[in-house]
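Inspection log for the structure reproduced underneath, given as structure tokens.
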Protein chains: 2
Amino acid sequence: MGVVTPPTDRTPKQDRSRATRRRLLEAAVACLAEHGWAGSTVSVVAERAGVSRGAAQHHFPTREDLFTAAVEYVAEERSAALRALPVQGRADVVAALVDLYTGPLFRAALQLWVAASNEAQLRPRVTELEARVGRETHRIAVELLAADETKPGVRETVQGLLDMARGLGLANVLTDDTARRRRVVAQWAALLEDALG
Amino acid sequence: MGVVTPPTDRTPKQDRSRATRRRLLEAAVACLAEHGWAGSTVSVVAERAGVSRGAAQHHFPTREDLFTAAVEYVAEERSAALRALPVQGRADVVAALVDLYTGPLFRAALQLWVAASNEAQLRPRVTELEARVGRETHRIAVELLAADETKPGVRETVQGLLDMARGLGLANVLTDDTARRRRVVAQWAALLEDALG
């Protein structure tokens, strides 16, 4: 999609394989968001993606492989979309950052975090994934907000904003919190504007 | 504990029943925090509390009754402890509020929220519980911070602070985030001081 490669680099077979992989990853995120870790098996995802169980296991040997890859893939897609946003005012950037934490990706990631807190097999992989995605999100936030991290307190200001975004995501899991969230985001965007100067 | 009632109001039998109930609730929170919803049954909790399964079911007819009551009980204990804190500066209040979202109660509540997002039977009860606990926490925060909610933006400022506290709690689920959290809290306590005036 949009990546230009010389024609000799990719065969129709490779294209099909890549498309299958993407269908599996997207089905895995949707499945995790809807049914949680306990209800998300490789078979359920394969069926949802319209792929045989054997083909799914060819791409992802274990359940842990599939679900950590899925959350990482979607997180990268989101980061790319965020980076591609036309640079607007800080209030719009704050709203776009908070949007990263509502919707199916956050729900899926949350299910994975919570499962990892109880499952030793999942924990190191999810911890590592969360750290990587967190660093990348922080980097994007600093850039889009034009925040100068050499000034004291600026780094922690941006971190706190992302913590708030995560908390707002959690508040949206059981109920539609959109109206309240808009008011909170508007107010904290104003506070942030003062803090970043 | 500390509640003075006329001697005729309580019999030794009632005292024992109350103590059993409390043991069950505390065991339920610990169990939920450690093993998640899938690993938390009435039998497991009864065994942990040293109570027979029949006695547990006498107090809590269903699994949903036991776990929602447990999260509510511990949330109330925490609110009472928070309200009893000697009133200090706002930085201390912010730190105490954030502390509500780390530790076993938050872990247990998180497990319950996430389970409720996938289980129709649990969802309405947990949604109602979360709304009630959220309103109460907001009320306590406004009081301890001496925030004047008649001023525009103050209500949303306090709400955003509690959202950040929830996000900081989530960041602490897989790893010990204490050092980073302290710096973020110190910085945002300073921003809040400016915002609340």
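Identifiers for the structure tokens are assigned positionally: chains receive A, B, ... in sequence, residues are indexed from 1 per chain, and ligands are indexed from 1 in the order shown.
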Proximity of region 163-190 of chain A to region 86-97 of chain A: per-residue shortest pair, 10 Å limit, only C-alpha atoms, as a tab-separated table:
```
residue	atom	partner	partner_atom	distance
A:Ala165	CA	A:Leu97	CA	7.2
A:Arg166	CA	A:Leu97	CA	9.8
A:Arg181	CA	A:Ala95	CA	9.6
A:Arg182	CA	A:Ala95	CA	8.1
A:Val185	CA	A:Ala95	CA	6.6
A:Ala186	CA	A:Ala91	CA	6.9
A:Gln187	CA	A:Ala91	CA	9.4
A:Trp188	CA	A:Val94	CA	8.6
A:Ala189	CA	A:Ala91	CA	5.3
A:Ala190	CA	A:Ala91	CA	7.4
```
message: Near chain B, meaning an atom within 7 Å, which residues of chain A appear when counting only C-alpha atoms? Write them as a PyMOL selection string.
response: chain A and resi 34-36+111+114+117-118+127+153+156-157+159-160+163-164+166-168+173-174+183-184+187-188
Hey, can you spit out that residue selection with N, CA, C and O atoms as an mmCIF file, in the first residue's frame?
```cif
data_model
loop_
_atom_site.group_PDB
_atom_site.id
_atom_site.type_symbol
_atom_site.label_atom_id
_atom_site.label_comp_id
_atom_site.auth_asym_id
_atom_site.auth_seq_id
_atom_site.Cartn_x
_atom_site.Cartn_y
_atom_site.Cartn_z
ATOM 1 N N GLU A 34 -13.131 -7.461 21.211
ATOM 2 C CA GLU A 34 -14.521 -7.876 21.436
ATOM 3 C C GLU A 34 -14.660 -8.975 22.482
ATOM 4 O O GLU A 34 -15.598 -8.976 23.260
ATOM 5 N N HIS A 35 -13.747 -9.956 22.444
ATOM 6 C CA HIS A 35 -13.949 -11.138 23.272
ATOM 7 C C HIS A 35 -12.925 -11.304 24.382
ATOM 8 O O HIS A 35 -13.052 -12.217 25.202
ATOM 9 N N GLY A 36 -11.891 -10.474 24.412
ATOM 10 C CA GLY A 36 -10.881 -10.614 25.454
ATOM 11 C C GLY A 36 -9.926 -11.753 25.145
ATOM 12 O O GLY A 36 -10.137 -12.513 24.194
ATOM 13 N N GLN A 111 -6.829 -5.512 26.786
ATOM 14 C CA GLN A 111 -7.080 -6.932 27.043
ATOM 15 C C GLN A 111 -5.749 -7.687 27.157
ATOM 16 O O GLN A 111 -5.584 -8.575 27.992
ATOM 17 N N VAL A 114 -3.887 -6.747 30.487
ATOM 18 C CA VAL A 114 -4.507 -7.358 31.658
ATOM 19 C C VAL A 114 -4.259 -8.864 31.671
ATOM 20 O O VAL A 114 -3.944 -9.441 32.712
ATOM 21 N N SER A 117 -0.796 -9.543 32.837
ATOM 22 C CA SER A 117 -0.554 -9.373 34.277
ATOM 23 C C SER A 117 -0.819 -10.679 35.030
ATOM 24 O O SER A 117 -0.348 -10.865 36.143
ATOM 25 N N ASN A 118 -1.586 -11.594 34.433
ATOM 26 C CA ASN A 118 -1.872 -12.887 35.087
ATOM 27 C C ASN A 118 -1.198 -14.073 34.421
ATOM 28 O O ASN A 118 -1.274 -15.175 34.928
ATOM 29 N N THR A 127 5.212 -6.622 28.037
ATOM 30 C CA THR A 127 5.950 -5.552 28.714
ATOM 31 C C THR A 127 6.908 -4.870 27.729
ATOM 32 O O THR A 127 6.973 -3.641 27.656
ATOM 33 N N GLY A 153 10.889 20.064 33.211
ATOM 34 C CA GLY A 153 9.459 19.791 33.391
ATOM 35 C C GLY A 153 8.718 19.442 32.113
ATOM 36 O O GLY A 153 7.631 18.877 32.167
ATOM 37 N N GLU A 156 8.105 15.631 31.532
ATOM 38 C CA GLU A 156 7.077 15.106 32.439
ATOM 39 C C GLU A 156 5.696 15.647 32.082
ATOM 40 O O GLU A 156 4.676 14.972 32.284
ATOM 41 N N THR A 157 5.649 16.855 31.542
ATOM 42 C CA THR A 157 4.363 17.421 31.117
ATOM 43 C C THR A 157 3.774 16.570 29.997
ATOM 44 O O THR A 157 2.593 16.221 30.013
ATOM 45 N N GLN A 159 4.616 13.432 29.244
ATOM 46 C CA GLN A 159 4.310 12.093 29.770
ATOM 47 C C GLN A 159 2.956 12.084 30.484
ATOM 48 O O GLN A 159 2.142 11.185 30.272
ATOM 49 N N GLY A 160 2.724 13.103 31.314
ATOM 50 C CA GLY A 160 1.455 13.181 32.049
ATOM 51 C C GLY A 160 0.266 13.289 31.107
ATOM 52 O O GLY A 160 -0.790 12.699 31.347
ATOM 53 N N ASP A 163 -0.389 9.875 29.915
ATOM 54 C CA ASP A 163 -1.027 9.097 30.981
ATOM 55 C C ASP A 163 -2.514 9.449 31.063
ATOM 56 O O ASP A 163 -3.359 8.578 31.251
ATOM 57 N N MET A 164 -2.819 10.744 30.935
ATOM 58 C CA MET A 164 -4.215 11.153 30.965
ATOM 59 C C MET A 164 -4.985 10.542 29.793
ATOM 60 O O MET A 164 -6.121 10.065 29.948
ATOM 61 N N ARG A 166 -4.387 7.776 28.347
ATOM 62 C CA ARG A 166 -4.594 6.364 28.653
ATOM 63 C C ARG A 166 -5.766 6.202 29.633
ATOM 64 O O ARG A 166 -6.601 5.307 29.474
ATOM 65 N N GLY A 167 -5.808 7.080 30.629
ATOM 66 C CA GLY A 167 -6.903 7.042 31.607
ATOM 67 C C GLY A 167 -8.248 7.352 30.965
ATOM 68 O O GLY A 167 -9.270 6.757 31.307
ATOM 69 N N LEU A 168 -8.249 8.286 30.006
ATOM 70 C CA LEU A 168 -9.480 8.609 29.279
ATOM 71 C C LEU A 168 -9.921 7.416 28.436
ATOM 72 O O LEU A 168 -11.117 7.160 28.283
ATOM 73 N N VAL A 173 -14.149 2.445 28.155
ATOM 74 C CA VAL A 173 -14.277 1.015 27.861
ATOM 75 C C VAL A 173 -15.695 0.494 28.106
ATOM 76 O O VAL A 173 -16.231 -0.279 27.325
ATOM 77 N N LEU A 174 -16.312 0.931 29.204
ATOM 78 C CA LEU A 174 -17.648 0.406 29.522
ATOM 79 C C LEU A 174 -18.782 1.307 29.055
ATOM 80 O O LEU A 174 -19.899 0.843 28.854
ATOM 81 N N ARG A 183 -14.748 17.771 26.858
ATOM 82 C CA ARG A 183 -14.591 18.934 27.761
ATOM 83 C C ARG A 183 -13.263 18.857 28.520
ATOM 84 O O ARG A 183 -12.569 19.857 28.666
ATOM 85 N N VAL A 184 -12.914 17.659 28.987
ATOM 86 C CA VAL A 184 -11.643 17.486 29.718
ATOM 87 C C VAL A 184 -10.462 17.802 28.790
ATOM 88 O O VAL A 184 -9.527 18.506 29.176
ATOM 89 N N GLN A 187 -10.036 21.553 28.163
ATOM 90 C CA GLN A 187 -9.471 22.249 29.319
ATOM 91 C C GLN A 187 -7.979 21.950 29.483
ATOM 92 O O GLN A 187 -7.162 22.843 29.685
ATOM 93 N N TRP A 188 -7.594 20.664 29.340
ATOM 94 C CA TRP A 188 -6.194 20.306 29.546
ATOM 95 C C TRP A 188 -5.311 20.737 28.382
ATOM 96 O O TRP A 188 -4.117 20.981 28.569
#
```
- request: Write out as number ranges by chain all residues of chain A that DSSP puts in helix (DSSP H, G or I) for this structure's backbone.
  value: A: 7-9, 12-35, 42-49, 53-59, 63-83, 90-99, 104-118, 123-144, 154-171, 178-196
- prompt: Hey, what's within 12 Å of Ala84 (chain B) if we count only C-alpha atoms and toss same-chain stuff fewer than 6 positions away? As number ranges by chain, please?
  reply: B: 77-78, 93, 96, 140, 143-144
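One distance worth recording is that between CA of Arg125 (chain A) and CA of Tyr73 (chain A), which is 14.3 Å.
Atom pair CA of Leu24 (chain A) / CA of Thr137 (chain A) has a distance of 24.3 Å (rounded to one decimal).
Relative to CA of Val133 (chain B), CA of Ala27 (chain B) is found at 20.2 Å.
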